[in-house]
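Structure file query_8.pdb with PDB, C-alpha atoms and all ligand atoms:
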MODEL        1
ATOM      1  CA  MET A  27      -0.749 -10.522 -74.348
ATOM      2  CA  SER A  28       0.169  -7.163 -72.765
ATOM      3  CA  GLU A  29      -1.867  -4.048 -73.555
ATOM      4  CA  PRO A  30      -0.125  -1.203 -75.417
ATOM      5  CA  PRO A  31       1.422   1.525 -73.247
ATOM      6  CA  ALA A  32      -0.295   4.922 -73.502
ATOM      7  CA  LEU A  33       1.413   7.055 -76.124
ATOM      8  CA  GLY A  34       3.129  10.005 -74.439
ATOM      9  CA  ASN A  35       3.436   8.557 -70.941
ATOM     10  CA  GLY A  36       7.178   9.275 -70.981
ATOM     11  CA  ALA A  37       8.264   5.892 -69.595
ATOM     12  CA  HIS A  38      11.607   6.175 -71.453
ATOM     13  CA  LEU A  39      12.185   9.827 -70.584
ATOM     14  CA  GLN A  40      14.027  11.433 -67.690
ATOM     15  CA  PHE A  41      12.258  14.785 -68.206
ATOM     16  CA  MET A  42       8.869  15.364 -69.802
ATOM     17  CA  GLY A  43      10.226  18.025 -72.134
ATOM     18  CA  PRO A  44      13.271  18.809 -74.267
ATOM     19  CA  LEU A  45      15.947  19.072 -71.574
ATOM     20  CA  SER A  46      19.410  17.540 -71.415
ATOM     21  CA  GLU A  47      21.047  16.291 -68.214
ATOM     22  CA  ALA A  48      23.720  18.972 -68.636
ATOM     23  CA  ARG A  49      21.221  21.828 -68.923
ATOM     24  CA  ALA A  50      19.144  20.493 -66.012
ATOM     25  CA  GLY A  51      22.279  20.428 -63.859
ATOM     26  CA  ARG A  52      23.208  24.003 -64.766
ATOM     27  CA  ILE A  53      19.683  25.245 -64.072
ATOM     28  CA  ALA A  54      19.568  23.494 -60.686
ATOM     29  CA  VAL A  55      22.898  25.025 -59.647
ATOM     30  CA  ARG A  56      21.841  28.496 -60.838
ATOM     31  CA  LEU A  57      18.523  28.402 -58.962
ATOM     32  CA  ALA A  58      20.079  26.884 -55.840
ATOM     33  CA  ALA A  59      22.692  29.667 -55.701
ATOM     34  CA  ALA A  60      20.085  32.155 -54.448
ATOM     35  CA  GLY A  61      19.353  29.823 -51.495
ATOM     36  CA  PRO A  62      15.595  29.398 -51.940
ATOM     37  CA  GLY A  63      13.589  27.976 -49.032
ATOM     38  CA  THR A  64      10.512  27.016 -51.070
ATOM     39  CA  VAL A  65      10.009  25.764 -54.619
ATOM     40  CA  VAL A  66       6.624  25.229 -56.313
ATOM     41  CA  ASP A  67       6.256  23.452 -59.664
ATOM     42  CA  PHE A  68       2.951  24.158 -61.466
ATOM     43  CA  GLY A  69       2.156  21.309 -63.899
ATOM     44  CA  CYS A  70       5.050  19.284 -62.494
ATOM     45  CA  GLY A  71       4.478  15.881 -64.158
ATOM     46  CA  TRP A  72       6.830  13.630 -62.188
ATOM     47  CA  GLY A  73       8.829  16.715 -61.178
ATOM     48  CA  GLU A  74      12.323  15.571 -62.077
ATOM     49  CA  LEU A  75      13.767  19.093 -62.281
ATOM     50  CA  LEU A  76      11.998  20.037 -59.028
ATOM     51  CA  LEU A  77      13.794  17.108 -57.361
ATOM     52  CA  ARG A  78      17.158  18.153 -58.857
ATOM     53  CA  ILE A  79      16.717  21.692 -57.506
ATOM     54  CA  LEU A  80      15.803  20.404 -54.033
ATOM     55  CA  ALA A  81      18.802  18.058 -54.062
ATOM     56  CA  ALA A  82      21.033  21.056 -54.888
ATOM     57  CA  THR A  83      19.468  23.216 -52.130
ATOM     58  CA  PRO A  84      19.796  21.555 -48.703
ATOM     59  CA  GLY A  85      16.849  22.372 -46.454
ATOM     60  CA  ALA A  86      14.554  23.686 -49.180
ATOM     61  CA  THR A  87      11.067  22.229 -49.455
ATOM     62  CA  GLY A  88       9.018  21.752 -52.598
ATOM     63  CA  VAL A  89       5.484  21.227 -53.847
ATOM     64  CA  GLY A  90       4.561  19.836 -57.260
ATOM     65  CA  VAL A  91       1.013  20.129 -58.605
ATOM     66  CA  ASP A  92      -0.407  18.237 -61.549
ATOM     67  CA  VAL A  93      -3.720  16.845 -62.751
ATOM     68  CA  HIS A  94      -2.216  13.543 -63.902
ATOM     69  CA  GLY A  95      -2.102  11.106 -60.972
ATOM     70  CA  PRO A  96       0.234   8.441 -62.438
ATOM     71  CA  ASP A  97       3.007  11.038 -62.954
ATOM     72  CA  LEU A  98       2.697  12.071 -59.308
ATOM     73  CA  VAL A  99       3.091   8.441 -58.226
ATOM     74  CA  ARG A 100       6.309   8.312 -60.280
ATOM     75  CA  GLY A 101       7.476  11.604 -58.725
ATOM     76  CA  ARG A 102       6.888  10.330 -55.179
ATOM     77  CA  ALA A 103       8.790   7.110 -55.902
ATOM     78  CA  ASN A 104      11.706   9.103 -57.380
ATOM     79  CA  ALA A 105      11.702  11.425 -54.356
ATOM     80  CA  GLU A 106      11.853   8.404 -52.055
ATOM     81  CA  ARG A 107      14.822   6.969 -53.993
ATOM     82  CA  ALA A 108      16.641  10.315 -53.918
ATOM     83  CA  GLY A 109      16.113  10.690 -50.142
ATOM     84  CA  LEU A 110      13.900  13.746 -50.699
ATOM     85  CA  ALA A 111      10.523  12.355 -49.644
ATOM     86  CA  GLU A 112      10.514  14.443 -46.449
ATOM     87  CA  ARG A 113      11.077  17.650 -48.378
ATOM     88  CA  VAL A 114       8.644  17.366 -51.273
ATOM     89  CA  THR A 115       4.873  16.959 -51.651
ATOM     90  CA  PHE A 116       3.180  15.988 -54.892
ATOM     91  CA  VAL A 117      -0.404  17.230 -55.002
ATOM     92  CA  GLU A 118      -3.043  16.133 -57.489
ATOM     93  CA  GLY A 119      -5.074  19.116 -58.679
ATOM     94  CA  GLU A 120      -5.589  22.065 -60.979
ATOM     95  CA  ALA A 121      -2.489  24.255 -61.027
ATOM     96  CA  GLY A 122      -4.296  27.276 -62.442
ATOM     97  CA  THR A 123      -6.492  27.772 -59.386
ATOM     98  CA  LEU A 124      -3.749  27.292 -56.791
ATOM     99  CA  ARG A 125      -2.098  30.375 -55.294
ATOM    100  CA  ARG A 126       1.149  29.741 -53.377
ATOM    101  CA  THR A 127       3.987  32.068 -52.503
ATOM    102  CA  ALA A 128       7.414  30.575 -53.216
ATOM    103  CA  ASP A 129      11.030  31.623 -53.624
ATOM    104  CA  VAL A 130      11.276  29.624 -56.850
ATOM    105  CA  ILE A 131       8.377  28.898 -59.181
ATOM    106  CA  LEU A 132       8.709  26.375 -61.994
ATOM    107  CA  SER A 133       6.437  26.210 -65.024
ATOM    108  CA  LEU A 134       7.851  23.924 -67.678
ATOM    109  CA  GLY A 135       5.732  23.290 -70.738
ATOM    110  CA  ALA A 136       2.672  23.825 -68.583
ATOM    111  CA  TYR A 137       1.601  27.501 -68.786
ATOM    112  CA  HIS A 138      -1.693  26.328 -70.371
ATOM    113  CA  ALA A 139      -2.923  25.529 -66.857
ATOM    114  CA  PHE A 140      -3.252  29.312 -66.364
ATOM    115  CA  GLY A 141      -4.645  30.120 -69.823
ATOM    116  CA  SER A 142      -2.152  32.078 -71.939
ATOM    117  CA  VAL A 143       1.580  32.765 -71.501
ATOM    118  CA  ARG A 144       0.642  36.252 -70.292
ATOM    119  CA  ASP A 145      -1.911  34.938 -67.763
ATOM    120  CA  ALA A 146       0.645  32.493 -66.366
ATOM    121  CA  LEU A 147       3.410  35.093 -66.070
ATOM    122  CA  VAL A 148       1.109  37.592 -64.346
ATOM    123  CA  ALA A 149       0.001  34.897 -61.850
ATOM    124  CA  PHE A 150       3.641  33.928 -61.155
ATOM    125  CA  ARG A 151       4.641  37.576 -60.658
ATOM    126  CA  GLU A 152       1.976  37.833 -57.954
ATOM    127  CA  MET A 153       3.045  34.586 -56.267
ATOM    128  CA  VAL A 154       6.835  34.723 -56.367
ATOM    129  CA  ALA A 155       8.432  36.054 -53.180
ATOM    130  CA  PRO A 156      10.373  39.352 -53.365
ATOM    131  CA  GLY A 157      13.818  38.600 -54.787
ATOM    132  CA  GLY A 158      12.596  35.198 -56.000
ATOM    133  CA  ARG A 159      12.980  33.470 -59.360
ATOM    134  CA  VAL A 160      10.663  31.903 -61.930
ATOM    135  CA  LEU A 161      11.911  29.279 -64.347
ATOM    136  CA  PHE A 162       9.543  29.496 -67.289
ATOM    137  CA  GLY A 163       9.805  26.896 -70.055
ATOM    138  CA  ALA A 164       7.730  27.530 -73.159
ATOM    139  CA  GLU A 165       7.638  27.144 -76.929
ATOM    140  CA  PHE A 166       8.463  29.906 -79.407
ATOM    141  CA  TRP A 167       8.855  30.108 -83.194
ATOM    142  CA  GLU A 168      12.453  29.642 -84.314
ATOM    143  CA  ARG A 169      11.226  30.931 -87.659
ATOM    144  CA  GLU A 170       7.852  31.989 -88.962
ATOM    145  CA  PRO A 171       5.809  28.851 -89.655
ATOM    146  CA  SER A 172       4.571  28.514 -93.230
ATOM    147  CA  ALA A 173       0.933  27.562 -93.821
ATOM    148  CA  GLU A 174       2.187  24.211 -95.132
ATOM    149  CA  ARG A 175       4.153  23.477 -91.946
ATOM    150  CA  LEU A 176       1.279  24.620 -89.719
ATOM    151  CA  ALA A 177      -1.079  22.220 -91.512
ATOM    152  CA  ARG A 178       1.267  19.387 -90.525
ATOM    153  CA  MET A 179       1.549  20.275 -86.837
ATOM    154  CA  TRP A 180      -1.067  19.526 -84.182
ATOM    155  CA  PRO A 181      -4.751  19.944 -85.208
ATOM    156  CA  GLY A 182      -5.692  23.626 -85.302
ATOM    157  CA  ALA A 183      -2.068  24.884 -85.085
ATOM    158  CA  SER A 184      -1.813  28.568 -85.971
ATOM    159  CA  ALA A 185       0.937  31.185 -86.203
ATOM    160  CA  GLY A 186      -0.650  32.902 -83.184
ATOM    161  CA  ASP A 187       0.063  29.915 -80.923
ATOM    162  CA  CYS A 188       3.571  31.259 -80.181
ATOM    163  CA  THR A 189       5.677  34.393 -80.616
ATOM    164  CA  ASP A 190       9.349  34.539 -81.509
ATOM    165  CA  LEU A 191      11.899  34.397 -78.685
ATOM    166  CA  ALA A 192      12.105  38.186 -78.366
ATOM    167  CA  GLY A 193       8.326  38.330 -78.071
ATOM    168  CA  LEU A 194       8.338  35.666 -75.355
ATOM    169  CA  VAL A 195      10.931  37.581 -73.331
ATOM    170  CA  ASP A 196       8.960  40.823 -73.834
ATOM    171  CA  LYS A 197       5.931  39.132 -72.266
ATOM    172  CA  ALA A 198       7.986  38.273 -69.189
ATOM    173  CA  ILE A 199       9.241  41.859 -68.909
ATOM    174  CA  ASP A 200       5.694  43.208 -69.365
ATOM    175  CA  ALA A 201       4.596  40.981 -66.458
ATOM    176  CA  GLY A 202       7.200  42.648 -64.226
ATOM    177  CA  PHE A 203      10.230  40.348 -64.490
ATOM    178  CA  ARG A 204      13.842  40.837 -65.554
ATOM    179  CA  PRO A 205      15.381  38.053 -67.667
ATOM    180  CA  LEU A 206      18.326  36.681 -65.661
ATOM    181  CA  TRP A 207      19.116  33.919 -68.128
ATOM    182  CA  ILE A 208      17.732  33.091 -71.584
ATOM    183  CA  GLU A 209      18.461  29.698 -73.093
ATOM    184  CA  THR A 210      16.941  27.637 -75.861
ATOM    185  CA  VAL A 211      17.146  23.903 -76.426
ATOM    186  CA  SER A 212      19.261  22.291 -79.117
ATOM    187  CA  ARG A 213      17.972  20.141 -81.924
ATOM    188  CA  ASP A 214      19.497  17.146 -80.075
ATOM    189  CA  GLU A 215      17.396  17.877 -76.994
ATOM    190  CA  TRP A 216      14.243  18.007 -79.162
ATOM    191  CA  ASP A 217      15.167  14.789 -80.978
ATOM    192  CA  GLU A 218      15.870  13.006 -77.688
ATOM    193  CA  PHE A 219      12.519  14.130 -76.333
ATOM    194  CA  GLU A 220      10.441  13.208 -79.381
ATOM    195  CA  SER A 221      12.212   9.867 -79.835
ATOM    196  CA  GLY A 222      11.876   9.057 -76.140
ATOM    197  CA  LEU A 223       8.170   9.903 -76.184
ATOM    198  CA  ALA A 224       7.539   7.237 -78.815
ATOM    199  CA  SER A 225      10.183   4.632 -78.037
ATOM    200  CA  ASP A 226       8.384   2.605 -75.333
ATOM    201  CA  VAL A 227       5.377   2.251 -77.642
ATOM    202  CA  GLU A 228       7.575   1.429 -80.662
ATOM    203  CA  GLU A 229       9.254  -1.303 -78.582
ATOM    204  CA  TRP A 230       5.849  -2.697 -77.621
ATOM    205  CA  LEU A 231       4.770  -2.717 -81.276
ATOM    206  CA  LEU A 232       7.890  -4.610 -82.281
ATOM    207  CA  ALA A 233       7.135  -7.268 -79.664
ATOM    208  CA  HIS A 234       3.378  -7.458 -80.452
ATOM    209  CA  PRO A 235       2.971  -7.060 -84.229
ATOM    210  CA  ASP A 236      -0.188  -9.202 -84.305
ATOM    211  CA  HIS A 237      -1.946  -7.665 -81.313
ATOM    212  CA  LEU A 238      -5.550  -6.618 -82.008
ATOM    213  CA  GLU A 239      -4.611  -2.977 -81.338
ATOM    214  CA  ALA A 240      -1.309  -3.039 -83.252
ATOM    215  CA  GLN A 241      -2.611  -1.281 -86.354
ATOM    216  CA  ALA A 242      -4.282   1.497 -84.357
ATOM    217  CA  VAL A 243      -1.097   1.986 -82.313
ATOM    218  CA  ARG A 244       1.029   2.066 -85.493
ATOM    219  CA  GLU A 245      -1.201   4.765 -86.973
ATOM    220  CA  LYS A 246      -1.012   6.898 -83.825
ATOM    221  CA  LEU A 247       2.786   6.615 -83.782
ATOM    222  CA  ASP A 248       2.986   7.517 -87.469
ATOM    223  CA  ASP A 249       0.768  10.572 -86.924
ATOM    224  CA  GLN A 250       2.801  11.752 -83.962
ATOM    225  CA  ARG A 251       6.112  11.297 -85.800
ATOM    226  CA  SER A 252       4.761  13.112 -88.844
ATOM    227  CA  MET A 253       3.672  16.110 -86.712
ATOM    228  CA  TRP A 254       7.240  16.290 -85.429
ATOM    229  CA  LEU A 255       9.304  15.613 -88.570
ATOM    230  CA  ARG A 256       7.020  17.283 -91.139
ATOM    231  CA  GLY A 257       5.470  19.831 -88.792
ATOM    232  CA  HIS A 258       7.325  21.559 -85.982
ATOM    233  CA  ARG A 259      10.927  20.278 -86.267
ATOM    234  CA  ASP A 260      13.322  23.235 -86.719
ATOM    235  CA  VAL A 261      10.363  25.639 -86.724
ATOM    236  CA  MET A 262       9.295  25.530 -83.099
ATOM    237  CA  GLY A 263      11.856  26.143 -80.382
ATOM    238  CA  PHE A 264      11.673  25.747 -76.632
ATOM    239  CA  ALA A 265      13.082  28.329 -74.225
ATOM    240  CA  TYR A 266      13.948  28.215 -70.543
ATOM    241  CA  LEU A 267      13.772  31.719 -69.104
ATOM    242  CA  THR A 268      15.134  32.312 -65.622
ATOM    243  CA  LEU A 269      13.199  35.367 -64.487
ATOM    244  CA  GLY A 270      13.953  37.607 -61.551
ATOM    245  CA  ALA A 271      11.360  39.438 -59.531
ATOM    246  CA  GLY A 272      12.568  42.554 -57.726
TER     247      GLY A 272
HETATM  248  C1  LIG A 301       4.600  18.880 -71.076
HETATM  249  S1  LIG A 301       4.152  18.266 -69.501
HETATM  250  C2  LIG A 301       5.472  18.942 -68.535
HETATM  251  C3  LIG A 301       5.653  18.269 -67.216
HETATM  252  C4  LIG A 301       6.767  18.835 -66.342
HETATM  253  N1  LIG A 301       6.595  20.258 -66.112
HETATM  254  C5  LIG A 301       8.120  18.574 -66.951
HETATM  255  O1  LIG A 301       8.698  19.468 -67.585
HETATM  256  O2  LIG A 301       8.624  17.433 -66.812
HETATM  257  C6  LIG A 301       2.778  19.290 -69.054
HETATM  258  C7  LIG A 301       2.185  18.910 -67.715
HETATM  259  O3  LIG A 301       1.162  19.841 -67.354
HETATM  260  C8  LIG A 301       0.140  19.121 -66.707
HETATM  261  N2  LIG A 301      -1.083  19.940 -66.737
HETATM  262  C9  LIG A 301      -1.795  20.319 -67.811
HETATM  263  N3  LIG A 301      -2.843  21.071 -67.437
HETATM  264  C10 LIG A 301      -2.780  21.173 -66.084
HETATM  265  C11 LIG A 301      -3.571  21.828 -65.104
HETATM  266  N4  LIG A 301      -4.628  22.528 -65.452
HETATM  267  N5  LIG A 301      -3.202  21.730 -63.805
HETATM  268  C12 LIG A 301      -2.119  21.001 -63.450
HETATM  269  N6  LIG A 301      -1.334  20.356 -64.333
HETATM  270  C13 LIG A 301      -1.654  20.449 -65.634
HETATM  271  C14 LIG A 301       0.041  17.822 -67.482
HETATM  272  O4  LIG A 301      -0.625  16.803 -66.753
HETATM  273  C15 LIG A 301       1.523  17.524 -67.711
HETATM  274  O5  LIG A 301       2.065  16.764 -66.662
ENDMDL
END

Please lay out the structure from this file as structure tokens.
Amino acid sequence: MSEPPALGNGAHLQFMGPLSEARAGRIAVRLAAAGPGTVVDFGCGWGELLLRILAATPGATGVGVDVHGPDLVRGRANAERAGLAERVTFVEGEAGTLRRTADVILSLGAYHAFGSVRDALVAFREMVAPGGRVLFGAEFWEREPSAERLARMWPGASAGDCTDLAGLVDKAIDAGFRPLWIETVSRDEWDEFESGLASDVEEWLLAHPDHLEAQAVREKLDDQRSMWLRGHRDVMGFAYLTLGAG
């Protein structure tokens, strides 16, 4: 009998975050328009958006860094399939200690590697080449979270975990950027992401209801869904900020 898949491995997801195909395409075109030569993705996962940007920018080379080896294996296989293997390197390691100059820096749901949002933005401002761009994807509060909602989010969630959108953009400006584009994901993009995160494990559970681990898996799925539907849904947003460095 097959073992349960790890919850959150993203097997059914194209992107490891709330991001539609349409938005990914627009972002890739926008970043490619400046003709970058180098792109670095800090906390890349399997680097799907990195690959899309490279595909839209002939001749550009990319590096993705992540601590999670299996995602990098998936990224390399996808790069091979897309004919980009010669132009991209996936490196296993700590993103927060790496310093690389690049024309485009990506940090999507992964600023934690540098500490806080501020720490990450300051590090990116130092690394991005003059005239370069940073695509920064991070959470913000769509509305102030009540104590009741916070208690239903991830363990230890607090109002100080995020700012509102204006506060997030202010942090980018304080770090020395100008906001070239500000966009926030739709409820559909969130629902696709959260459903996709669970769906491979839900499918496994349906096929293995009597497995020794089935009850434990069911409980984990129920906890994760509850954090989403009773906790952060419609309270936490996710923004993609395209930031310019003069
Ligand atoms: C929410 S996922 C986002 C992945 C990818 N950026 C995307 O949008 O598809 C966060 C990623 O950050 C990676 N990560 C977390 N801490 C890290 C660190 N200190 N150094 C490198 N990667 C890290 C995780 O392994 C995970 O792949």

Pick out the residues sitting within 10 Å of Ser184 of chain A, and hand them over as an mmCIF file with C-alpha atoms, in the coordinates of the input; count all atoms listed in the file, and ignore anything fewer than 5 positions along from it in its own chain.
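Contents of out24.cif, freshly written:
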data_model
loop_
_atom_site.group_PDB
_atom_site.id
_atom_site.type_symbol
_atom_site.label_atom_id
_atom_site.label_comp_id
_atom_site.auth_asym_id
_atom_site.auth_seq_id
_atom_site.Cartn_x
_atom_site.Cartn_y
_atom_site.Cartn_z
ATOM 1 C CA PRO A 171 5.809 28.851 -89.655
ATOM 2 C CA SER A 172 4.571 28.514 -93.230
ATOM 3 C CA ALA A 173 0.933 27.562 -93.821
ATOM 4 C CA ARG A 175 4.153 23.477 -91.946
ATOM 5 C CA LEU A 176 1.279 24.620 -89.719
ATOM 6 C CA ALA A 177 -1.079 22.220 -91.512
ATOM 7 C CA MET A 179 1.549 20.275 -86.837
#

* **Top pick for closest residue to ligand LIG 301 (chain A), considering A:Asp67, A:Glu29, A:Asp129, A:Glu47 and counting all atoms listed in the file** =>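 So, comparing all the options, the nearest one is A:Asp67.
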
* Asked: Using all atoms listed in the file, what are the residues with an atom within 10 Å of ligand LIG 301 (chain A), set out as a VMD selection string?
  -> chain A and resid 34 to 36 39 to 45 67 to 76 90 to 98 117 to 124 132 to 141 162 to 164

* To do: Considering all atoms listed in the file, return as a count of residues only whatever protein or nucleic-acid residues lie within 8 Å of Ala82 of chain A, sequence-local ones (same chain, fewer than 4 positions apart) excluded.
  => 4

* Hits of the PyMOL selection byres (((chain A and resi 62) around 12) and not hetatm) in this structure, as a PyMOL selection string -> chain A and resi 54-61+63-66+79-88+127-131+154-160

Around all the atoms of segment 131-148 of chain A listed in the file, draw an axis-aligned box and extend it by 8 Å on each of the six sides; I want its centre and edge lengths in Å to one decimal, as AutoDock Vina command-line options.
--center_x 2.0 --center_y 30.4 --center_z -65.6 --size_x 29.4 --size_y 30.3 --size_z 28.8

* Output of the PyMOL selection byres (((chain A and resi 191) around 9) and not hetatm), listed as a ChimeraX atom specification -> /A:165-168,189-190,192-196,210,263-265

Can you give me, as a short mmCIF file (atom, residue, chain, number, x, y, z; two decimals) with C-alpha atoms, in the frame of the given file, the residues this file yields under the PyMOL selection byres (((chain A and resi 224) around 9) and not hetatm)?
data_model
loop_
_atom_site.label_atom_id
_atom_site.label_comp_id
_atom_site.auth_asym_id
_atom_site.auth_seq_id
_atom_site.Cartn_x
_atom_site.Cartn_y
_atom_site.Cartn_z
CA LEU A 33 1.41 7.06 -76.12
CA GLY A 34 3.13 10.01 -74.44
CA ASN A 35 3.44 8.56 -70.94
CA GLY A 36 7.18 9.28 -70.98
CA HIS A 38 11.61 6.18 -71.45
CA PHE A 219 12.52 14.13 -76.33
CA GLU A 220 10.44 13.21 -79.38
CA SER A 221 12.21 9.87 -79.83
CA GLY A 222 11.88 9.06 -76.14
CA LEU A 223 8.17 9.90 -76.18
CA SER A 225 10.18 4.63 -78.04
CA ASP A 226 8.38 2.60 -75.33
CA VAL A 227 5.38 2.25 -77.64
CA GLU A 228 7.58 1.43 -80.66
CA GLU A 229 9.25 -1.30 -78.58
CA LEU A 247 2.79 6.62 -83.78
CA GLN A 250 2.80 11.75 -83.96
CA ARG A 251 6.11 11.30 -85.80
#
